[in-house]
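J.: Please read through the structure below; I'll follow up with questions.
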There are 2 protein chains.
Amino acid sequence: MTIRLVKGAYWDSEIKRAQERGLSGYPVYTRKVTTDVSYLACAGRLFAHRDVIRPQFATHNAHSIAAILELAPAGAQYEFQRLHGMGRLLYAQAQRQVRDFPPVRVYAPVGEHKDLLAYLVRRLLENGANTSFVNRFMDEQVPVTEVVRDPITALELANGLAHPRLPPPPQLFPDRRNSLGDDLGDPRVVGALREALAARRARPQAAAPIIDGVMLGGEGAAVTNPADRREQVGSVREATAPEIARAFASAARAQGAWNAAGGAVRAEALERAADLLEARRADFQALLTREAGKTIGDALAEVREAADFCRYYALQAREQFTIPKRLTGPTGERNELSLHGRGVFACVSPWNFPLAIFTGQVTAALAAGNAVVAKPAESTPLVAARCVELLHEAGVPGPALQLTPARGRDFGAVAFAHEALAGVAMTGSTATAGVMHRALAARGGAIVPLIAETGGLNAMLVDSTALPEQVVDDVVSSAFLSAGQRCSALRLLFLQEDIADTVIDMLVGAMDELVIGDPADFATDVGPVITPQAASDLTEHVERMRAEARILKACRLEAPLAHGSFVAPHLVELANAAQLTQEQFGPILHVVRYAAQDLEAVLGSIRATGYGLTLGVQTRLESFWRRIFESTAIGNTYVNRNMIGAVVGVQPFGGSGLSGTGPKAGGPHYLARFAHERTLTVNTTATGGNAALLNLGG
Amino acid sequence: MTIRLVKGAYWDSEIKRAQERGLSGYPVYTRKVTTDVSYLACAGRLFAHRDVIRPQFATHNAHSIAAILELAPAGAQYEFQRLHGMGRLLYAQAQRQVRDFPPVRVYAPVGEHKDLLAYLVRRLLENGANTSFVNRFMDEQVPVTEVVRDPITALELANGLAHPRLPPPPQLFPDRRNSLGDDLGDPRVVGALREALAARRARPQAAAPIIDGVMLGGEGAAVTNPADRREQVGSVREATAPEIARAFASAARAQGAWNAAGGAVRAEALERAADLLEARRADFQALLTREAGKTIGDALAEVREAADFCRYYALQAREQFTIPKRLTGPTGERNELSLHGRGVFACVSPWNFPLAIFTGQVTAALAAGNAVVAKPAESTPLVAARCVELLHEAGVPGPALQLTPARGRDFGAVAFAHEALAGVAMTGSTATAGVMHRALAARGGAIVPLIAETGGLNAMLVDSTALPEQVVDDVVSSAFLSAGQRCSALRLLFLQEDIADTVIDMLVGAMDELVIGDPADFATDVGPVITPQAASDLTEHVERMRAEARILKACRLEAPLAHGSFVAPHLVELANAAQLTQEQFGPILHVVRYAAQDLEAVLGSIRATGYGLTLGVQTRLESFWRRIFESTAIGNTYVNRNMIGAVVGVQPFGGSGLSGTGPKAGGPHYLARFAHERTLTVNTTATGGNAALLNLGG
């Protein structure tokens with residue numbers, strides 16, 4: 001067997017993945033020098049099994065060459081390798097100096113220009129890097145002893161395996177802990193999680209109004225699994241109108257003390273909640289897969305997002321709601337600006353992120369010193385009930401956070417008429433936000449904030465310079481993960497005609513690989529949509545498209561899925577973007593071809609939707625994505641990656657126009673909208689002179 | 001003649017006044033040592049005129065005593081003075097050391113405890129100050145040579161008269177220029193201004209729609225002086241419905257380029273506008289007195305506030321709208337958050353601050369990258385027209401700022417239905433804000449911001465420890481300046497019963513001193529109210545109060561005021577606060593007595609109004625004002641000073657509940673509400689490797 005040994009290949013993408021997934025450490029070395037030592041250790045192992053292995057050492061590093069010559073047992077069969085155009089002088093010298101130097105193979109990557117570009121750029125970056133042997137070798141400032149330094153000595157001197165300038169994933173953010181994740185690529189992790197989820201499957205769940213910290217009793221209706229409606233997940237007992245009114249009245253009485261407790265106390269409760277969410281992530285994953293049809297990976301991401309919201313708003317509460325901000329003014333006067341809760345917020349959350357968005361709305365309102373009456377989505381009351389219990393356990397007083405599961409109309413009739421209502425945070429449809437806006441205007445009196453996150457008709461633009469493999473990866477995840485039930489999901493893919501056929505072919509191939517099925521199964525990519533009604537609406541849209549447009553691909557649904565509300569992923573080609581008039585909240589992707597000279601019209605059609613939530617761009621040209629960014633007014637723009645999974649504090653989330661009111665959730669301006677600003681001006685000379693001036697000196 | 005020479009008395013309050021008034025420099029010395037030198041110079045002058053002056057030197061400073069002994073010509077008649085309880089040892093020693101030491105008079109302030117408290121505190125502060133001779137004299141760490149150092153030498157060593165740690169008034173703020181003011185206590189300033197105003201009186205003024213930078217022609221209606229309706233100040237030609245629609249359409253086309261110009265370019269235009277406002281302050285003062293009935297001092301304050309708004313929002317535009325904010329995220333990705341204009345804002349401004357609030361709304365919207373269609377108040381179109389011309393001259397593109405004088409209803413019918421409308425900033429009545437809210441909700445589509453500053457039922461609470469002189473000063477300015485036509489003005493004065501009679505007596509006396517008359521007259525304290533309708537509404541309220549409450553004082557109006565809409569200041573005693581059910585926008589102050597043990601009920605009655613704009617507290621007890629601050633949710637609280645004249649950036653202005661939506665004008669959160677947030681996420685590894693990681697080193 002031949003084994004080719006190369007140094008530290010693509011360790012950088014593993015580092016990024018570990019940060020993104022919140023792993024407790026890195027699965028790869030984080031120092032250049034550790035990869036050098038590892039290289040030598042592997043070389044020793046290869047030689048140890050030289051009876052079955054013929055090693056090949058690809059290196060342009062003089063020390064590595066010397067070390068391998070030393071390590072090689074007498075008579076060992078092996079070879080060196082160098083890249084065509086690199087290391088020629090090095091090996092020529094080595095061959096002159098060393099008798100019986102092993103053979104040196106010259107290799108070269110083969111492919112078309114477009115395939116090799118990324119590889120070449122990577123080599124350029126590596127060789128240009130300060131730590132690169134090639135770079136140091138050519139630098140006359142670096143002494144020879146330094147260039148050929150033994151990596152084992154260097155590592156011993158370096159004091160520790162971990163790179164000191166590379167924070168471990170939990171410490172990614174300088175000011176708050178990153179949420180904890182699991183490596184679902186690790187079989188040991190998956191094995192343990194599979195057992196944990198199975199153990200939780202049998203546990204019955206109940207939701208009911210939680211008033212003043214106590215869950216009310218009463219007969220509940222069944223909550224069933226969208227992947228298989230025969231399975232009952234739990235039961236929900238909805239709140240009556242008097243109970244909703246009671247929740248508001250009690251929250252109003254509790255708000256003053258919660259506000260007066262200050263940002264630091266509230267932050268501590270939210271941080272405890274984040275820790276509890278992480279500790280119970282298997283509980284929530286189990287529930288999210290069964291109540292909301294989330295895949296296990298999506299469910300984990302949701303728990304992490306909820307924990308991130310808790311810690312992010314805790315940080316903001318500490319920064320903005322603890323110590324008043326001093327404002328410079330004339331001498332003899334103290335001027336301060338402080339932020340306070342407004343009163344009772346109604347938080348109306350959606351079923352598609354029943355944990356993350358629910359937690360985000362509620363913890364933002366709480367962090368800012370408000371009391372909250374939360375209404376979960378009708379389809380997902382169970383996860384909301386568990387979340388409210390957890391927040392109470394973490395230290396949020398029962399009366400400061402009330403839960404009232406209810407139909408939207410029933411809740412609105414009480415909430416929007418209640419005198420204690422001081423603000424509304426909602427995520428839902430644009431139409432529902434409009435209804436709420438009119439209800440708030442009609443009630444008269446004080447004008448209270450309406451913070452609405454609504455829909456989108458999200459596009460991705462791909463030009464002819466984009467890397468097709470990357471485009472297809474990002475399109476599949478943006479359009480079909482979570483069964484397309486994300487506000488941010490890709491709906492309209494604009495492909496420059498020059499590469500459209502190539503990309504479509506690859507995309508159809510990638511869709512063939514999608515596993516559609518029970519989200520509790522680790523292999524599943526696409527789970528059910530939330531309700532039978534949603535499924536039939538989406539199917540109806542597909543039928544309309546079949547008549548008006550062209551179905552390029554329809555994935556197949558297997559027979560065992562008949563008891564769930566599944567919709568097969570579809571790829572539909574439109575003649576023009578205007579054919580898609582409203583958001584289709586499911587795994588249906590529409591593709592439109594465009595000519596390079598028609599880009600302006602494409603941008604016009606995106607603006608004409610009136611929405612502005614997410615936008616993807618795939619290109620190798622900065623001028624292209626800059627032009628698109630500047631010609632649109634979309635909330636979240638993503639270049640050369642997927643357009644979903646906005647991370648709290650990293651990609652604050654929210655759109656413009658029909659997509660929402662702002663400010664962005666998980667961003668620095670969010671809490672201020674939940675707050676009321678106050679100034680306090682104190683004449684500090686009222687009781688005598690001006691101590692500040694008298695003590696100036698001089 | 002006897003002259004008593006004391007050192008640097010009350011220079012600190014002059015320093016504060018100069019900062020507040022934006023004078024170009026300080027009218028007093030700013031170093032302790034300069035006051036010492038000045039003392040010696042004055043001593044020399046007094047001795048030079050000893051034929052007519054008998055000097056008395058009040059000092060506790062050894063160097064001053066020695067210097068005076070040296071300065072005194074032979075045979076000069078003079079005396080020293082010391083405060084009872086201070087300087088006894090010093091003078092005893094001096095009398096022992098110096099033959100024929102002049103007489104030493106011991107003086108003592110005489111009065112009741114409450115009169116002397118402030119004086120005693122001041123002396124304590126002075127003696128405790130680091131620079132105080134008394135303090136240094138007692139400090140064994142300070143060598144004797146240092147204590148008795150010659151102030152002239154010290155001043156020469158100090159390098160400059162001005163104190164280096166005391167910024168000149170224009171540099172009060174570390175990050176922007178303070179607005180320029182005039183010292184209206186200086187006869188030379190007043191003389192020059194009187195001439196300037198007289199010269200401007202004859203100039204005819206015209207207002208008309210300004211569309212795309214061009215003022216339209218057409219017949220105008222007369223604009224008359226509220227102090228004398230026989231005087232025509234100018235004419236206004238209101239905008240037609242098609243003109244208003246045209247203004248919106250053109251503004252919408254211009255907004256993209258104005259937004260793309262960036263925060264720094266917009267800031268420069270606003271800063272030029274601030275300079276122009278200051279350069280033309282006499283023009284605006286002349287117009288404000290005649291069109292809006294403002295006194296000359298109020299008019300100057302308005303020009304300064306307008307300039308402050310320009311510079312404050314310019315600074316915010318630079319900080320928030322120029323360079324996107326980098327957000328920390330995983331390696332291999334760049335994440336940025338940037339703020340952008342939303343589109344076209346309608347700015348609807350009031351007549352009571354026709355320059356300052358008009359400029360504040362418009363420049364905030366512009367700074368954030370919006371285009372603006374401005375509708376001035378119906379009573380004050382002229383000052384708005386001059387302001388818009390000035391902003392265009394400063395560099396705001398004509399189409400980015402449109403002026404459409406109109407009746408509110410006519411403007412609203414076009415503006416609120418226009419598809420380009422992206423936000424509304426209004427200052428006006430709570431009822432008007434409600435109408436706008438319903439109109440915005442009814443239009444459907446995107447939910448746009450409504451930023452409303454509305455009314456108040458503002459209270460001041462005075463406890464028995466307050467200093468009556470200060471209370472009366474602050475009450476008179478809070479309730480009666482600007483003829484009570486400020487949103488912030490005091491309406492409800494709560495006096496603790498123990499001091500109520502004393503304060504009321506003094507207040508009635510102070511009201512007798514109010515000069516009511518033509519605001520163009522420098523001596524006038526109280527000008528007209530804005531319209532005959534406003535005057536008759538206020539008079540009707542007084543009549544109702546005459547029946548339902550007790551009129552404690554009604555100022556007299558002189559006959560020559562009959563041609564203007566004047567309302568005499570009134571003081572009305574109510575049995576309880578609930579008798580005042582709505583804001584009376586004029587010089588009518590209501591007073592309510594309360595018993596100390598009923599404070600909670602007083603606070604309840606303040607909360608029960610539903611308003612929350614301004615609040616005054618007068619007390620010597622920090623616990624008292626803290627309790628009040630914490631038991632209310634009012635936007636601007638002022639302790640031991642008046643409650644009007646909020647300064648941009650120092651007392652950001654705006655209230656809660658029925659008083660407005662927030663965020664506070666002239667505060668750090670204001671511009672974000674005019675803006676739309678966007679994130680941009682770029683995968684920086686898409687074209688190859690991760691340069692950041694490769695270059696980490698180690």
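Note on naming: chains are A, B, ... as they come in the structure tokens, residues start from 1 per chain, ligands start from 1 in the order shown.
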Please list as a PyMOL selection string every residue within 12 Å of Asp537 (chain B), counting only C-alpha atoms and excluding residues in the same chain fewer than 5 positions away.

T.: chain B and resi 529-532+542-544+565-567+583-586+588

J.: Can you state the RMSD, in Å, between chain B and chain A once they are superposed by least squares on every Cα paired in order?

T.: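 After least-squares fitting, the two copies differ by 0.1 Å C-alpha RMSD.
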
J.: Can you list, as a list in words, every residue of region 399-537 of chain B that DSSP puts in strand (DSSP E or B)?

T.: Leu401, Gln402, Leu403, Leu421, Ala422, Gly423, Val424, Ala425, Met426, Thr427, Leu450, Ile451, Ala452, Glu453, Asn458, Ala459, Met460, Leu461, Val462, Leu490, Arg491, Leu492, Leu493, Phe494, Leu495, Gln496, Ile516 and Val526 of chain B

J.: Could you pull the residues within 10 Å of Gln651 (chain A), counting only C-alpha atoms, minus those fewer than 4 positions along the same chain, as number ranges by chain?

T.: A: 635-638, 645-647, 664-667; B: 327-329, 335-337, 678-681

J.: Using only C-alpha atoms, please write the residues we just selected to a file, as a PDB file, in the first residue's frame.

T.:
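What follows is the written file selection_27.pdb:
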```pdb
ATOM      1  CA  GLY A 635     -31.543  42.992   5.862  1.00  0.00           C
ATOM      2  CA  ASN A 636     -29.053  40.108   5.647  1.00  0.00           C
ATOM      3  CA  THR A 637     -26.758  39.634   2.656  1.00  0.00           C
ATOM      4  CA  TYR A 638     -24.534  36.560   2.381  1.00  0.00           C
ATOM      5  CA  GLY A 645     -28.610  30.097  10.141  1.00  0.00           C
ATOM      6  CA  ALA A 646     -27.924  33.702  11.159  1.00  0.00           C
ATOM      7  CA  VAL A 647     -25.936  33.614  14.387  1.00  0.00           C
ATOM      8  CA  LYS A 664     -32.497  43.390  14.131  1.00  0.00           C
ATOM      9  CA  ALA A 665     -32.861  40.567  16.623  1.00  0.00           C
ATOM     10  CA  GLY A 666     -29.546  39.548  18.132  1.00  0.00           C
ATOM     11  CA  GLY A 667     -28.085  42.936  17.250  1.00  0.00           C
TER      12      GLY A 667
ATOM     13  CA  LEU B 327     -18.864  41.849  14.356  1.00  0.00           C
ATOM     14  CA  THR B 328     -16.780  39.052  15.810  1.00  0.00           C
ATOM     15  CA  GLY B 329     -17.565  35.685  14.239  1.00  0.00           C
ATOM     16  CA  ASN B 335     -19.413  40.079   9.289  1.00  0.00           C
ATOM     17  CA  GLU B 336     -20.447  43.719   9.222  1.00  0.00           C
ATOM     18  CA  LEU B 337     -23.435  45.688  10.438  1.00  0.00           C
ATOM     19  CA  ARG B 678     -28.146  45.628   7.242  1.00  0.00           C
ATOM     20  CA  THR B 679     -25.627  42.882   7.742  1.00  0.00           C
ATOM     21  CA  LEU B 680     -23.123  41.728   5.159  1.00  0.00           C
ATOM     22  CA  THR B 681     -21.475  38.345   5.571  1.00  0.00           C
TER      23      THR B 681
END
```

J.: Rank nothing, just name the residue among B:Val33, B:Val104, B:Met506, B:Leu490 nearest to chain A, using only C-alpha atoms.

T.: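 Under the stated criterion, the closest residue is B:Val33.
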
J.: Which residue gives the smallest distance to chain A among B:Ala154, B:Ala307, B:Leu495, B:Leu391, with only C-alpha atoms counted?

T.: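 When distances to chain A are compared using only C-alpha atoms, the smallest one comes from B:Ala154.
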
J.: Taking only C-alpha atoms into account, name the residue in A:His113, A:Arg409, A:Arg17, A:Arg203 that is nearest to chain B.

T.: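 When distances to chain B are compared using only C-alpha atoms, the smallest one comes from A:Arg17.
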
J.: Work out how far apart CA of Phe480 (chain A) and CA of Leu574 (chain A) are and give it in Å to one decimal.

T.: 18.1 Å

J.: Can you tell me, as a PyMOL selection string, what residues are no more than 10 Å from Arg491 (chain B) when counting only C-alpha atoms, ignoring any on the same chain fewer than 4 positions away?

T.: chain B and resi 456-460+475+478-480+484+571+580+582-591

J.: Counting only C-alpha atoms, what is within 8 Å of Gly423 (chain B), bar same-chain residues fewer than 3 positions away, as a PyMOL selection string?

T.: chain B and resi 342-346+448-450+674

J.: Can I get the selected residues back with N, CA and C atoms, as a tab-separated table (two decimals), in the first residue's frame?

T.:
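In the end it all went to selection_12.tsv:
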```tsv
chain	number	residue	atom	x	y	z
B	342	ARG	N	-33.99	54.87	5.37
B	342	ARG	CA	-35.12	54.00	5.05
B	342	ARG	C	-35.80	54.41	3.75
B	343	GLY	N	-35.75	55.70	3.40
B	343	GLY	CA	-36.45	56.18	2.22
B	343	GLY	C	-36.83	57.64	2.44
B	344	VAL	N	-38.11	57.96	2.25
B	344	VAL	CA	-38.56	59.34	2.42
B	344	VAL	C	-39.29	59.47	3.75
B	345	PHE	N	-38.81	60.37	4.57
B	345	PHE	CA	-39.47	60.67	5.84
B	345	PHE	C	-40.34	61.92	5.69
B	346	ALA	N	-41.53	61.87	6.25
B	346	ALA	CA	-42.34	63.07	6.41
B	346	ALA	C	-42.01	63.65	7.79
B	448	VAL	N	-44.09	51.32	8.82
B	448	VAL	CA	-43.01	52.32	8.87
B	448	VAL	C	-42.98	53.01	10.23
B	449	PRO	N	-41.84	53.54	10.63
B	449	PRO	CA	-41.73	54.15	11.96
B	449	PRO	C	-42.57	55.42	12.09
B	450	LEU	N	-43.18	55.57	13.24
B	450	LEU	CA	-43.82	56.83	13.62
B	450	LEU	C	-43.10	57.30	14.88
B	674	PHE	N	-34.43	56.09	12.63
B	674	PHE	CA	-34.65	56.60	11.27
B	674	PHE	C	-33.97	55.68	10.25
```

J.: Which one of B:Glu677, B:Glu469, B:Glu497, B:Glu419 sits closest to chain A if you count only C-alpha atoms?

T.: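 For chain A, the nearest of the given residues is B:Glu677.
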
J.: Skipping near chain neighbours, those fewer than 5 positions away, what residues fall within 7 Å of Ala520 (chain B) using only C-alpha atoms, listed as number ranges by chain?

T.: B: 289, 295-296

J.: Show me, as number ranges by chain, the residues that have an atom within 9 Å of Thr331 (chain B) when counting only C-alpha atoms, minus same-chain residues fewer than 5 positions from it.

T.: A: 12-13, 15-16, 19-20; B: 684, 690, 692-693

J.: As a ChimeraX atom specification, list the residues of region 191-273 of chain A assigned to helix (DSSP H, G or I) by DSSP on the backbone atoms of this structure.

T.: /A:191-201,241-260,263-273

J.: Considering only C-alpha atoms, can you say which of B:Gln97, B:Gln579, B:Thr404, B:Thr35 comes closest to chain A?

T.: B:Thr35

J.: Which residue is closest to chain B? Choose from A:Val424, A:Ala251, A:Ala446, A:Ala394 and count only C-alpha atoms.

T.: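 Nearest to chain B: A:Ala446.
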